[in-house]
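Structure data (mmCIF, C-alpha atoms) from upload_17.cif:
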data_target
#
loop_
_atom_site.label_atom_id
_atom_site.label_comp_id
_atom_site.auth_asym_id
_atom_site.auth_seq_id
_atom_site.Cartn_x
_atom_site.Cartn_y
_atom_site.Cartn_z
CA MET A 234 -4.86 61.58 -27.04
CA LEU A 235 -7.22 60.82 -24.13
CA GLU A 236 -6.43 58.71 -21.09
CA VAL A 237 -8.97 58.09 -18.33
CA ASP A 238 -7.20 56.24 -15.53
CA HIS A 239 -9.25 54.62 -12.72
CA VAL A 240 -11.61 57.60 -12.46
CA THR A 241 -14.32 57.74 -9.80
CA LEU A 242 -16.93 60.53 -9.69
CA GLY A 243 -19.84 61.27 -7.40
CA TYR A 244 -22.06 63.62 -5.48
CA ASP A 245 -22.32 63.88 -1.68
CA HIS A 246 -21.67 60.34 -0.43
CA THR A 247 -22.69 58.49 -3.59
CA ASP A 248 -20.36 57.31 -6.35
CA VAL A 249 -21.93 57.86 -9.78
CA VAL A 250 -18.96 56.60 -11.83
CA ARG A 251 -16.69 53.92 -10.38
CA ASP A 252 -13.10 53.10 -11.31
CA ILE A 253 -13.32 53.69 -15.06
CA SER A 254 -10.30 53.43 -17.36
CA LEU A 255 -10.14 53.90 -21.13
CA THR A 256 -7.87 55.35 -23.81
CA LEU A 257 -8.65 57.06 -27.11
CA ALA A 258 -5.96 57.40 -29.78
CA ARG A 259 -5.42 60.51 -31.88
CA GLY A 260 -7.96 60.67 -34.71
CA GLU A 261 -10.25 58.03 -33.16
CA ILE A 262 -13.96 58.46 -32.47
CA GLY A 263 -15.16 56.90 -29.24
CA CYS A 264 -18.62 56.53 -27.77
CA LEU A 265 -19.94 56.04 -24.25
CA LEU A 266 -23.13 54.01 -24.60
CA GLY A 267 -25.60 53.12 -21.90
CA PRO A 268 -29.05 53.68 -20.40
CA SER A 269 -30.08 56.92 -18.72
CA GLY A 270 -28.50 57.35 -15.30
CA CYS A 271 -25.50 55.09 -15.96
CA GLY A 272 -22.99 57.96 -15.48
CA LYS A 273 -21.86 58.47 -19.07
CA THR A 274 -22.65 62.21 -19.22
CA THR A 275 -21.05 62.73 -15.79
CA LEU A 276 -17.85 61.15 -17.11
CA LEU A 277 -17.97 63.29 -20.26
CA ARG A 278 -18.38 66.43 -18.12
CA ALA A 279 -15.40 65.42 -15.99
CA ILE A 280 -13.25 65.06 -19.10
CA GLY A 281 -14.43 68.50 -20.21
CA GLY A 282 -13.52 70.03 -16.85
CA PHE A 283 -17.01 70.51 -15.39
CA GLU A 284 -16.96 67.79 -12.70
CA PRO A 285 -14.31 67.16 -10.01
CA LEU A 286 -12.69 63.74 -9.62
CA ARG A 287 -12.95 61.71 -6.44
CA ALA A 288 -10.16 59.41 -7.56
CA GLY A 289 -8.06 58.69 -10.64
CA ARG A 290 -6.52 60.80 -13.35
CA ILE A 291 -7.46 62.29 -16.75
CA ALA A 292 -4.75 63.16 -19.31
CA LEU A 293 -4.93 64.83 -22.73
CA ASP A 294 -2.09 64.35 -25.19
CA GLY A 295 0.18 63.15 -22.37
CA ARG A 296 -0.59 66.08 -20.06
CA THR A 297 -2.48 65.46 -16.83
CA VAL A 298 -5.49 67.80 -16.70
CA ALA A 299 -7.32 66.41 -13.66
CA THR A 300 -6.72 64.41 -10.50
CA ALA A 301 -8.61 64.19 -7.22
CA HIS A 302 -6.41 67.00 -5.87
CA ALA A 303 -6.03 69.43 -8.79
CA ALA A 304 -7.68 70.20 -12.10
CA LEU A 305 -6.97 72.41 -15.09
CA PRO A 306 -9.90 74.78 -15.82
CA ALA A 307 -12.15 73.77 -18.69
CA ARG A 308 -11.13 76.77 -20.82
CA GLU A 309 -7.46 75.71 -20.68
CA ARG A 310 -7.91 72.09 -21.76
CA GLY A 311 -8.25 72.69 -25.50
CA ILE A 312 -11.52 70.78 -25.67
CA GLY A 313 -14.50 71.50 -27.93
CA MET A 314 -18.06 70.66 -26.92
CA VAL A 315 -21.24 69.98 -28.89
CA PHE A 316 -24.25 70.11 -26.61
CA GLN A 317 -27.48 68.14 -26.69
CA ASP A 318 -29.56 71.19 -27.65
CA HIS A 319 -26.87 72.61 -30.02
CA ALA A 320 -26.72 75.82 -27.86
CA LEU A 321 -26.53 78.14 -30.87
CA PHE A 322 -26.78 81.84 -30.10
CA PRO A 323 -30.16 82.95 -31.50
CA HIS A 324 -29.02 86.58 -31.91
CA LEU A 325 -26.03 85.57 -34.08
CA ASN A 326 -26.18 84.37 -37.66
CA VAL A 327 -24.45 81.19 -38.83
CA GLN A 328 -21.18 82.95 -39.65
CA ASP A 329 -20.97 84.68 -36.27
CA ASN A 330 -21.92 81.53 -34.38
CA VAL A 331 -19.05 79.63 -35.99
CA ALA A 332 -16.63 82.53 -35.38
CA PHE A 333 -17.58 82.86 -31.70
CA GLY A 334 -14.51 81.05 -30.32
CA LEU A 335 -12.00 82.61 -32.74
CA GLY A 336 -11.41 85.92 -30.97
CA LYS A 337 -7.63 85.52 -30.98
CA LEU A 338 -7.47 85.44 -34.79
CA THR A 339 -7.36 88.46 -37.05
CA LEU A 340 -10.50 89.37 -38.99
CA VAL A 341 -9.05 87.91 -42.20
CA GLU A 342 -8.04 84.68 -40.43
CA ARG A 343 -11.48 84.41 -38.80
CA LYS A 344 -13.28 84.77 -42.11
CA ARG A 345 -11.04 82.16 -43.71
CA ARG A 346 -11.52 79.71 -40.85
CA VAL A 347 -15.30 80.17 -40.84
CA ALA A 348 -15.41 79.58 -44.61
CA GLU A 349 -13.32 76.42 -44.18
CA MET A 350 -15.61 75.09 -41.46
CA LEU A 351 -18.84 75.82 -43.32
CA ALA A 352 -17.43 74.11 -46.42
CA LEU A 353 -16.43 71.13 -44.27
CA VAL A 354 -19.94 70.68 -42.87
CA GLY A 355 -21.66 71.38 -46.19
CA LEU A 356 -23.24 74.73 -45.33
CA ASP A 357 -21.66 76.97 -47.96
CA GLY A 358 -23.91 79.91 -48.76
CA LEU A 359 -25.76 79.88 -45.44
CA GLN A 360 -23.48 82.33 -43.63
CA ARG A 361 -26.21 84.94 -43.19
CA ARG A 362 -28.96 82.57 -42.07
CA TRP A 363 -30.28 82.77 -38.51
CA PRO A 364 -30.50 79.62 -36.34
CA HIS A 365 -34.31 79.61 -36.45
CA GLU A 366 -34.16 79.49 -40.26
CA LEU A 367 -32.23 76.20 -40.22
CA SER A 368 -33.42 72.61 -40.00
CA GLY A 369 -32.40 70.48 -37.03
CA GLY A 370 -29.70 68.76 -39.05
CA GLN A 371 -28.32 72.10 -40.27
CA GLN A 372 -28.25 73.44 -36.70
CA GLN A 373 -26.32 70.32 -35.70
CA ARG A 374 -23.73 71.01 -38.40
CA VAL A 375 -23.36 74.66 -37.32
CA ALA A 376 -22.77 73.52 -33.74
CA LEU A 377 -20.15 71.06 -34.99
CA ALA A 378 -18.45 73.72 -37.14
CA ARG A 379 -18.31 76.09 -34.16
CA ALA A 380 -16.77 73.39 -31.94
CA LEU A 381 -14.18 72.40 -34.56
CA ALA A 382 -13.23 75.96 -35.58
CA PRO A 383 -10.68 76.54 -32.75
CA GLN A 384 -9.04 73.17 -33.64
CA PRO A 385 -9.51 71.52 -30.24
CA ALA A 386 -7.35 68.60 -29.19
CA LEU A 387 -10.49 66.68 -28.30
CA LEU A 388 -14.15 67.10 -29.24
CA LEU A 389 -16.89 66.02 -26.81
CA LEU A 390 -20.45 65.41 -28.05
CA ASP A 391 -23.25 65.04 -25.49
CA GLU A 392 -26.27 63.20 -26.99
CA PRO A 393 -25.80 65.30 -30.16
CA PHE A 394 -28.67 63.73 -32.14
CA SER A 395 -31.32 63.42 -29.43
CA ASN A 396 -33.33 66.38 -30.76
CA LEU A 397 -33.49 65.00 -34.29
CA ASP A 398 -36.20 62.76 -35.71
CA THR A 399 -35.46 59.08 -35.14
CA GLY A 400 -35.21 58.39 -38.87
CA LEU A 401 -32.53 61.07 -39.31
CA ARG A 402 -30.24 60.11 -36.46
CA VAL A 403 -28.22 57.32 -38.05
CA ALA A 404 -27.91 59.20 -41.36
CA ILE A 405 -26.70 62.35 -39.59
CA ALA A 406 -24.35 60.26 -37.43
CA ARG A 407 -22.71 58.86 -40.57
CA GLU A 408 -22.36 62.37 -42.01
CA ILE A 409 -20.82 63.70 -38.78
CA ARG A 410 -18.40 60.75 -38.70
CA ALA A 411 -17.26 61.60 -42.23
CA ILE A 412 -16.80 65.26 -41.26
CA LEU A 413 -14.77 64.35 -38.17
CA ARG A 414 -12.65 61.97 -40.25
CA GLN A 415 -11.97 64.69 -42.82
CA ALA A 416 -11.05 67.13 -40.05
CA GLY A 417 -8.74 64.57 -38.40
CA ALA A 418 -10.55 65.18 -35.10
CA THR A 419 -10.40 63.05 -31.97
CA ALA A 420 -13.89 62.80 -30.50
CA LEU A 421 -15.83 61.20 -27.68
CA MET A 422 -19.63 61.00 -27.86
CA VAL A 423 -22.30 60.07 -25.34
CA THR A 424 -25.51 58.34 -26.46
CA HIS A 425 -28.13 55.86 -25.29
CA ASP A 426 -28.82 54.78 -28.90
CA GLN A 427 -26.69 51.84 -30.04
CA HIS A 428 -27.48 52.50 -33.73
CA GLU A 429 -25.92 55.97 -33.41
CA ALA A 430 -22.92 54.46 -31.64
CA PHE A 431 -22.42 51.82 -34.34
CA ALA A 432 -22.68 54.46 -37.08
CA MET A 433 -20.19 56.83 -35.42
CA ALA A 434 -17.61 55.11 -33.29
CA ASP A 435 -14.32 53.29 -33.68
CA ALA A 436 -14.48 52.24 -30.03
CA ILE A 437 -17.58 51.86 -27.87
CA GLY A 438 -17.64 51.91 -24.09
CA VAL A 439 -20.71 50.21 -22.64
CA MET A 440 -21.64 51.65 -19.25
CA VAL A 441 -24.13 50.10 -16.84
CA GLY A 442 -24.66 51.21 -13.26
CA GLY A 443 -21.72 53.58 -13.20
CA ARG A 444 -19.20 51.02 -14.41
CA LEU A 445 -17.52 50.50 -17.78
CA HIS A 446 -18.26 46.89 -18.71
CA GLN A 447 -16.51 46.87 -22.10
CA TRP A 448 -14.39 49.18 -24.27
CA ALA A 449 -14.05 47.65 -27.72
CA SER A 450 -15.02 47.89 -31.39
CA ALA A 451 -18.69 47.79 -32.36
CA TYR A 452 -18.15 44.32 -33.83
CA ASP A 453 -16.71 42.94 -30.61
CA VAL A 454 -19.33 44.63 -28.42
CA TYR A 455 -22.06 42.97 -30.50
CA HIS A 456 -20.49 39.58 -31.21
CA ARG A 457 -18.21 39.21 -28.17
CA PRO A 458 -19.92 40.99 -25.25
CA ALA A 459 -17.72 40.95 -22.16
CA THR A 460 -20.51 40.62 -19.57
CA PRO A 461 -24.16 39.54 -19.42
CA GLU A 462 -25.07 43.20 -18.95
CA VAL A 463 -23.49 44.11 -22.30
CA ALA A 464 -25.16 41.11 -23.94
CA ARG A 465 -28.58 42.25 -22.72
CA LEU A 466 -28.05 45.88 -23.67
CA ILE A 467 -26.59 45.51 -27.16
CA GLY A 468 -28.68 44.16 -30.00
CA GLU A 469 -31.46 41.66 -29.51
CA GLY A 470 -31.14 38.22 -28.04
CA VAL A 471 -31.65 36.12 -24.95
CA LEU A 472 -29.35 34.37 -22.50
CA LEU A 473 -30.13 30.65 -22.41
CA PRO A 474 -28.93 28.10 -19.83
CA ALA A 475 -26.33 25.86 -21.42
CA GLN A 476 -24.25 22.76 -20.87
CA ALA A 477 -21.16 21.69 -22.78
CA GLY A 478 -22.11 18.96 -25.25
CA SER A 479 -20.06 16.06 -26.50
CA ASN A 480 -20.36 17.30 -30.09
CA GLY A 481 -18.52 20.58 -29.40
CA CYS A 482 -21.69 22.61 -29.00
CA TRP A 483 -23.59 24.18 -26.14
CA GLN A 484 -26.74 22.25 -25.36
CA THR A 485 -29.58 24.74 -24.78
CA PRO A 486 -33.39 24.73 -24.71
CA ALA A 487 -33.24 26.00 -28.31
CA GLY A 488 -30.96 23.19 -29.48
CA ALA A 489 -27.22 22.76 -30.00
CA ILE A 490 -25.46 26.13 -30.33
CA ALA A 491 -21.91 26.52 -31.69
CA THR A 492 -19.22 26.76 -29.00
CA ASP A 493 -17.93 30.13 -30.29
CA THR A 494 -21.18 31.71 -29.06
CA PRO A 495 -20.46 34.04 -26.09
CA CYS A 496 -20.81 32.16 -22.80
CA PHE A 497 -21.07 33.51 -19.27
CA ASP A 498 -20.44 31.47 -16.12
CA ASP A 499 -21.50 32.84 -12.73
CA GLY A 500 -20.15 29.81 -10.87
CA THR A 501 -23.48 28.04 -10.67
CA GLN A 502 -24.82 28.26 -14.22
CA ARG A 503 -23.54 28.73 -17.73
CA GLN A 504 -25.50 30.95 -20.10
CA VAL A 505 -24.99 31.53 -23.80
CA LEU A 506 -26.14 34.55 -25.79
CA VAL A 507 -28.40 33.57 -28.69
CA ARG A 508 -29.28 36.26 -31.22
CA PRO A 509 -32.43 36.07 -33.40
CA GLU A 510 -30.34 35.68 -36.55
CA GLU A 511 -28.80 32.47 -35.11
CA LEU A 512 -32.19 30.71 -35.05
CA CYS A 513 -34.77 29.91 -37.71
CA ILE A 514 -38.26 28.48 -38.02
CA ASP A 515 -37.93 24.77 -38.85
CA ASP A 516 -41.11 22.73 -38.60
CA ALA A 517 -39.11 19.50 -38.79
CA SER A 518 -37.33 20.36 -35.54
CA THR A 519 -38.20 18.52 -32.34
CA VAL A 520 -37.77 21.79 -30.38
CA ARG A 521 -41.28 23.21 -30.34
CA GLY A 522 -42.68 26.48 -29.08
CA THR A 523 -45.63 28.85 -29.37
CA VAL A 524 -45.45 32.15 -31.27
CA THR A 525 -46.36 34.92 -28.82
CA GLU A 526 -45.42 37.90 -31.00
CA CYS A 527 -44.68 38.59 -34.67
CA ILE A 528 -43.12 41.89 -35.76
CA PHE A 529 -42.60 42.82 -39.42
CA ARG A 530 -39.11 44.30 -39.91
CA GLY A 531 -39.20 44.90 -43.68
CA SER A 532 -36.53 42.37 -44.65
CA HIS A 533 -37.80 39.70 -42.25
CA PHE A 534 -40.22 38.86 -39.45
CA LEU A 535 -39.05 38.82 -35.84
CA TYR A 536 -40.84 36.17 -33.81
CA THR A 537 -40.98 35.74 -30.06
CA VAL A 538 -41.38 32.03 -29.38
CA GLN A 539 -42.23 30.65 -25.94
CA LEU A 540 -40.56 27.33 -25.17
CA VAL A 541 -41.31 25.24 -22.08
CA ASP A 542 -39.25 27.25 -19.59
CA THR A 543 -37.96 30.22 -21.59
CA ARG A 544 -38.54 32.37 -24.62
CA VAL A 545 -36.37 33.03 -27.67
CA LEU A 546 -36.29 35.57 -30.51
CA VAL A 547 -36.19 34.09 -34.00
CA HIS A 548 -35.71 35.58 -37.47
CA GLY A 549 -38.30 34.41 -39.97
CA GLY A 550 -38.14 34.69 -43.73
CA MET A 551 -40.40 36.68 -46.05
CA GLY A 552 -42.99 33.97 -46.55
CA GLN A 553 -46.46 33.91 -45.03
CA PRO A 554 -46.10 35.06 -41.40
CA ARG A 555 -46.92 32.64 -38.58
CA ASP A 556 -49.89 33.70 -36.51
CA VAL A 557 -49.66 34.39 -32.80
CA GLY A 558 -50.62 31.20 -30.97
CA THR A 559 -49.21 28.92 -33.68
CA THR A 560 -46.92 26.07 -32.64
CA VAL A 561 -43.64 26.06 -34.59
CA GLY A 562 -40.35 24.25 -34.60
CA ILE A 563 -37.12 26.20 -34.17
CA ALA A 564 -33.54 25.25 -34.88
CA PRO A 565 -30.10 26.87 -34.82
CA LEU A 566 -28.81 28.00 -38.18
CA ARG A 567 -25.85 25.93 -39.35
CA ARG A 568 -22.60 27.89 -39.64
#

Encoded form using structure tokens:
Amino acid sequence: MLEVDHVTLGYDHTDVVRDISLTLARGEIGCLLGPSGCGKTTLLRAIGGFEPLRAGRIALDGRTVATAHAALPARERGIGMVFQDHALFPHLNVQDNVAFGLGKLTLVERKRRVAEMLALVGLDGLQRRWPHELSGGQQQRVALARALAPQPALLLLDEPFSNLDTGLRVAIAREIRAILRQAGATALMVTHDQHEAFAMADAIGVMVGGRLHQWASAYDVYHRPATPEVARLIGEGVLLPAQAGSNGCWQTPAGAIATDTPCFDDGTQRQVLVRPEELCIDDASTVRGTVTECIFRGSHFLYTVQLVDTRVLVHGGMGQPRDVGTTVGIAPLRR
């Protein structure tokens, strides 16, 4: 449904997005994930028809909609958009907000489509409410219903949960995913929150410094990061210097790590990604370190342990927590 082919974007003499390629199949939900300023919103705006291309090509459903030399106007691309601030019209009630893009339908068809959309997003009975009478999550659903009502070929969502309380974001993301699945929509979302991305997306594109470092499933992005930048950005963990051991493991300052652990080689040094859940507190271990931080996570403690030349993050059980300053042994968990 969506093809982004070697796209470069920029302002003045500066490239903001460099040589990005990705594809999104019909009915898939994709996510562009990265820190502020990495270019993800600029790329989303280019797909929507609001930014010109410096190089490359964008196609929707096999039809080229943008190149560096020509571009189809945004209104002719058949794309829906959900904005960061919802952008509901305060002078229109819920029903009229959802019906806003349905001017080509008859009155009967509009009413039927609005009813279908409100049922889809779970807002039956709120047709006459005004935007200021709704909660943040309800406003988000109205914005989604309005974007889906014209049946766009592609739905774009720009940081759609940023105005919601942190505790609500993942729950709302799961609800929105279910709604998009039920509608059979193809969607691409932008976020800086990896938990939202994991809850929503079939495919995640990790962007750093204007480049797409990986386009893969959430599982692969977490467990098989393609670059050190992805490894640092996704989840928690540290990159440790490593050497290949005779026992089929990587030898690291934290002990012998299984060889299927992601490894990066810059030509001078190998580094392996070690997640907290791959290490444990083991006082019988000869690898010793000092606890410099202990954070209670509900189901476990997360320790920061300083070794001789590096630090590691370690999951601890639910027993008595180790005090900061305590010397502990750490060991890799056996697989």

Selection in question (the file shown): the PyMOL selection byres ((chain A and resi 288) around 6). Which residues does it include, as a compact mmCIF listing (two decimals) with C-alpha atoms, in the coordinates of the input?
# COMPACT_ATOMS: atom_id res chain seq x y z
CA VAL A 240 -11.61 57.60 -12.46
CA THR A 241 -14.32 57.74 -9.80
CA LEU A 286 -12.69 63.74 -9.62
CA ARG A 287 -12.95 61.71 -6.44
CA GLY A 289 -8.06 58.69 -10.64
CA ALA A 301 -8.61 64.19 -7.22

Running the PyMOL selection byres ((chain A and resi 433-444) around 8) on this model by hand, what would come out? Give it as a PyMOL selection string. chain A and resi 248-253+261-268+270-273+406-407+409-410+429-432+445-451+454+462-463

A:Phe322, A:Trp483, A:Phe316, A:Phe534 ranked by distance to Thr424 in chain A, top pick (using all atoms listed in the file):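 Once distances to Thr424 in chain A are computed over all atoms listed in the file, the minimum belongs to A:Phe316.
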
Given the PyMOL selection byres ((chain A and resi 514) around 7), the residues it picks as number ranges by chain: A: 513, 515-516, 549, 561-564

Kindly export the residues of the current selection with C-alpha atoms, as a JSON list (two decimals), in the coordinates of the input.
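As a result, out-v1.json now contains:
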[["chain", "number", "residue", "atom", "x", "y", "z"],
["A", 513, "CYS", "CA", -34.77, 29.91, -37.71],
["A", 515, "ASP", "CA", -37.93, 24.77, -38.85],
["A", 516, "ASP", "CA", -41.11, 22.73, -38.60],
["A", 549, "GLY", "CA", -38.30, 34.41, -39.97],
["A", 561, "VAL", "CA", -43.64, 26.06, -34.59],
["A", 562, "GLY", "CA", -40.35, 24.25, -34.60],
["A", 563, "ILE", "CA", -37.12, 26.20, -34.17],
["A", 564, "ALA", "CA", -33.54, 25.25, -34.88]]

Expected answer as a ChimeraX atom specification: all residues with atoms within 10 Å of (-26.4, 67.4, -42.2), all atoms listed in the file: /A:354-356,368-375,401,404-409,412

Output the selection as a short mmCIF file (atom, residue, chain, number, x, y, z; two decimals), keeping the file's coordinate frame - C-alpha atoms for each residue.
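Listing of selection-v5.cif after writing:
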data_model
loop_
_atom_site.label_atom_id
_atom_site.label_comp_id
_atom_site.auth_asym_id
_atom_site.auth_seq_id
_atom_site.Cartn_x
_atom_site.Cartn_y
_atom_site.Cartn_z
CA VAL A 354 -19.94 70.68 -42.87
CA GLY A 355 -21.66 71.38 -46.19
CA LEU A 356 -23.24 74.73 -45.33
CA SER A 368 -33.42 72.61 -40.00
CA GLY A 369 -32.40 70.48 -37.03
CA GLY A 370 -29.70 68.76 -39.05
CA GLN A 371 -28.32 72.10 -40.27
CA GLN A 372 -28.25 73.44 -36.70
CA GLN A 373 -26.32 70.32 -35.70
CA ARG A 374 -23.73 71.01 -38.40
CA VAL A 375 -23.36 74.66 -37.32
CA LEU A 401 -32.53 61.07 -39.31
CA ALA A 404 -27.91 59.20 -41.36
CA ILE A 405 -26.70 62.35 -39.59
CA ALA A 406 -24.35 60.26 -37.43
CA ARG A 407 -22.71 58.86 -40.57
CA GLU A 408 -22.36 62.37 -42.01
CA ILE A 409 -20.82 63.70 -38.78
CA ILE A 412 -16.80 65.26 -41.26
#

What separates CA of Gln328 in chain A and CA of Ile280 in chain A is a distance of 28.4 Å

A:Pro383, A:Glu526, A:Leu235, A:Ile467: which is nearest Leu277 in chain A, counting only C-alpha atoms?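 Ranked by minimum distance to Leu277 in chain A, first place goes to A:Leu235.
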
Report, in Å with one decimal, the straight-line distance from CA of Tyr452 in chain A to CA of Val237 in chain A. 22.7 Å

Val547 in chain A environment, 6 Å, all atoms listed in the file, sequence neighbours closer than 6 positions dropped, as number ranges by chain: A: 509, 512-513, 535-536

Hey, which of A:Pro486, A:Gly531, A:Gly260, A:Gly522 ends up closest to Arg414 in chain A? Count all atoms listed in the file.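 Selected residue with least distance to Arg414 in chain A: A:Gly260.
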
Which of these residues is nearest to Met314 in chain A, using only C-alpha atoms: A:Ala258, A:Val557, A:Leu353, A:Leu377?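 Once distances to Met314 in chain A are computed over only C-alpha atoms, the minimum belongs to A:Leu377.
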
Distance CA of Val507 in chain A-CA of Val403 in chain A, one decimal place? 25.5 Å

Close residues, Asp318 in chain A itself excluded, 10 Å, all atoms listed in the file, min 4 positions apart in chain, as a ChimeraX atom specification: /A:369,372-373,376,391-397

Which one of A:Val327, A:Cys496, A:Ala487, A:Ile312 sits closest to Val520 in chain A if you count only C-alpha atoms?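 With only C-alpha atoms as the atom set, the closest residue is A:Ala487.
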
Give the padded box for range 400-406 of chain A as JSON: axis-aligned, covering all atoms listed in the file, 5 Å on each side, centre and edge lengths in Å to one decimal.
{"center_x": -29.8, "center_y": 59.8, "center_z": -38.9, "size_x": 20.9, "size_y": 15.0, "size_z": 14.9}

Counting only C-alpha atoms, which of A:Arg296, A:His365, A:Arg346, A:Arg402 gets nearest to Asp426 in chain A? A:Arg402

Name the residues in contact with Leu388 in chain A at a cut-off of 8 Å, using only C-alpha atoms, excluding same-chain residues fewer than 4 positions from it; report them as a PyMOL selection string. chain A and resi 312-315+380-381+418-421

May I ask you to restore N, CA and C atoms in range 501-522 of chain A and write the result as a short mmCIF file (atom, residue, chain, number, x, y, z; two decimals), in the frame of the given file?
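Output (selection_15.cif):
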data_model
loop_
_atom_site.label_atom_id
_atom_site.label_comp_id
_atom_site.auth_asym_id
_atom_site.auth_seq_id
_atom_site.Cartn_x
_atom_site.Cartn_y
_atom_site.Cartn_z
N THR A 501 -22.42 29.02 -10.89
CA THR A 501 -23.48 28.04 -10.67
C THR A 501 -24.18 27.65 -11.96
N GLN A 502 -24.11 28.53 -12.96
CA GLN A 502 -24.82 28.26 -14.22
C GLN A 502 -24.09 28.89 -15.39
N ARG A 503 -24.04 28.16 -16.49
CA ARG A 503 -23.54 28.73 -17.73
C ARG A 503 -24.72 29.23 -18.55
N GLN A 504 -24.50 30.39 -19.22
CA GLN A 504 -25.50 30.95 -20.10
C GLN A 504 -24.83 31.35 -21.40
N VAL A 505 -25.50 31.10 -22.51
CA VAL A 505 -24.99 31.53 -23.80
C VAL A 505 -25.94 32.56 -24.39
N LEU A 506 -25.36 33.51 -25.12
CA LEU A 506 -26.14 34.55 -25.79
C LEU A 506 -26.57 34.05 -27.15
N VAL A 507 -27.87 34.03 -27.40
CA VAL A 507 -28.40 33.57 -28.69
C VAL A 507 -29.15 34.72 -29.33
N ARG A 508 -28.66 35.19 -30.47
CA ARG A 508 -29.28 36.26 -31.22
C ARG A 508 -30.38 35.71 -32.14
N PRO A 509 -31.35 36.54 -32.51
CA PRO A 509 -32.43 36.07 -33.40
C PRO A 509 -31.91 35.51 -34.72
N GLU A 510 -30.84 36.12 -35.25
CA GLU A 510 -30.34 35.68 -36.55
C GLU A 510 -29.62 34.34 -36.48
N GLU A 511 -29.44 33.78 -35.26
CA GLU A 511 -28.80 32.47 -35.11
C GLU A 511 -29.83 31.34 -35.05
N LEU A 512 -31.12 31.71 -35.09
CA LEU A 512 -32.19 30.71 -35.05
C LEU A 512 -33.11 30.88 -36.25
N CYS A 513 -33.82 29.83 -36.60
CA CYS A 513 -34.77 29.91 -37.71
C CYS A 513 -36.00 29.05 -37.39
N ILE A 514 -37.08 29.32 -38.11
CA ILE A 514 -38.26 28.48 -38.02
C ILE A 514 -38.02 27.21 -38.83
N ASP A 515 -38.16 26.06 -38.19
CA ASP A 515 -37.93 24.77 -38.85
C ASP A 515 -38.97 23.79 -38.32
N ASP A 516 -40.02 23.56 -39.09
CA ASP A 516 -41.11 22.73 -38.60
C ASP A 516 -40.73 21.26 -38.45
N ALA A 517 -39.57 20.88 -38.98
CA ALA A 517 -39.11 19.50 -38.79
C ALA A 517 -38.37 19.32 -37.47
N SER A 518 -38.09 20.43 -36.78
CA SER A 518 -37.33 20.36 -35.54
C SER A 518 -38.18 19.78 -34.41
N THR A 519 -37.51 19.07 -33.51
CA THR A 519 -38.20 18.52 -32.34
C THR A 519 -38.34 19.57 -31.23
N VAL A 520 -37.63 20.69 -31.35
CA VAL A 520 -37.77 21.79 -30.38
C VAL A 520 -38.98 22.60 -30.80
N ARG A 521 -40.02 22.58 -29.99
CA ARG A 521 -41.28 23.21 -30.34
C ARG A 521 -41.60 24.36 -29.39
N GLY A 522 -42.29 25.35 -29.91
CA GLY A 522 -42.68 26.48 -29.08
C GLY A 522 -43.89 27.17 -29.68
#
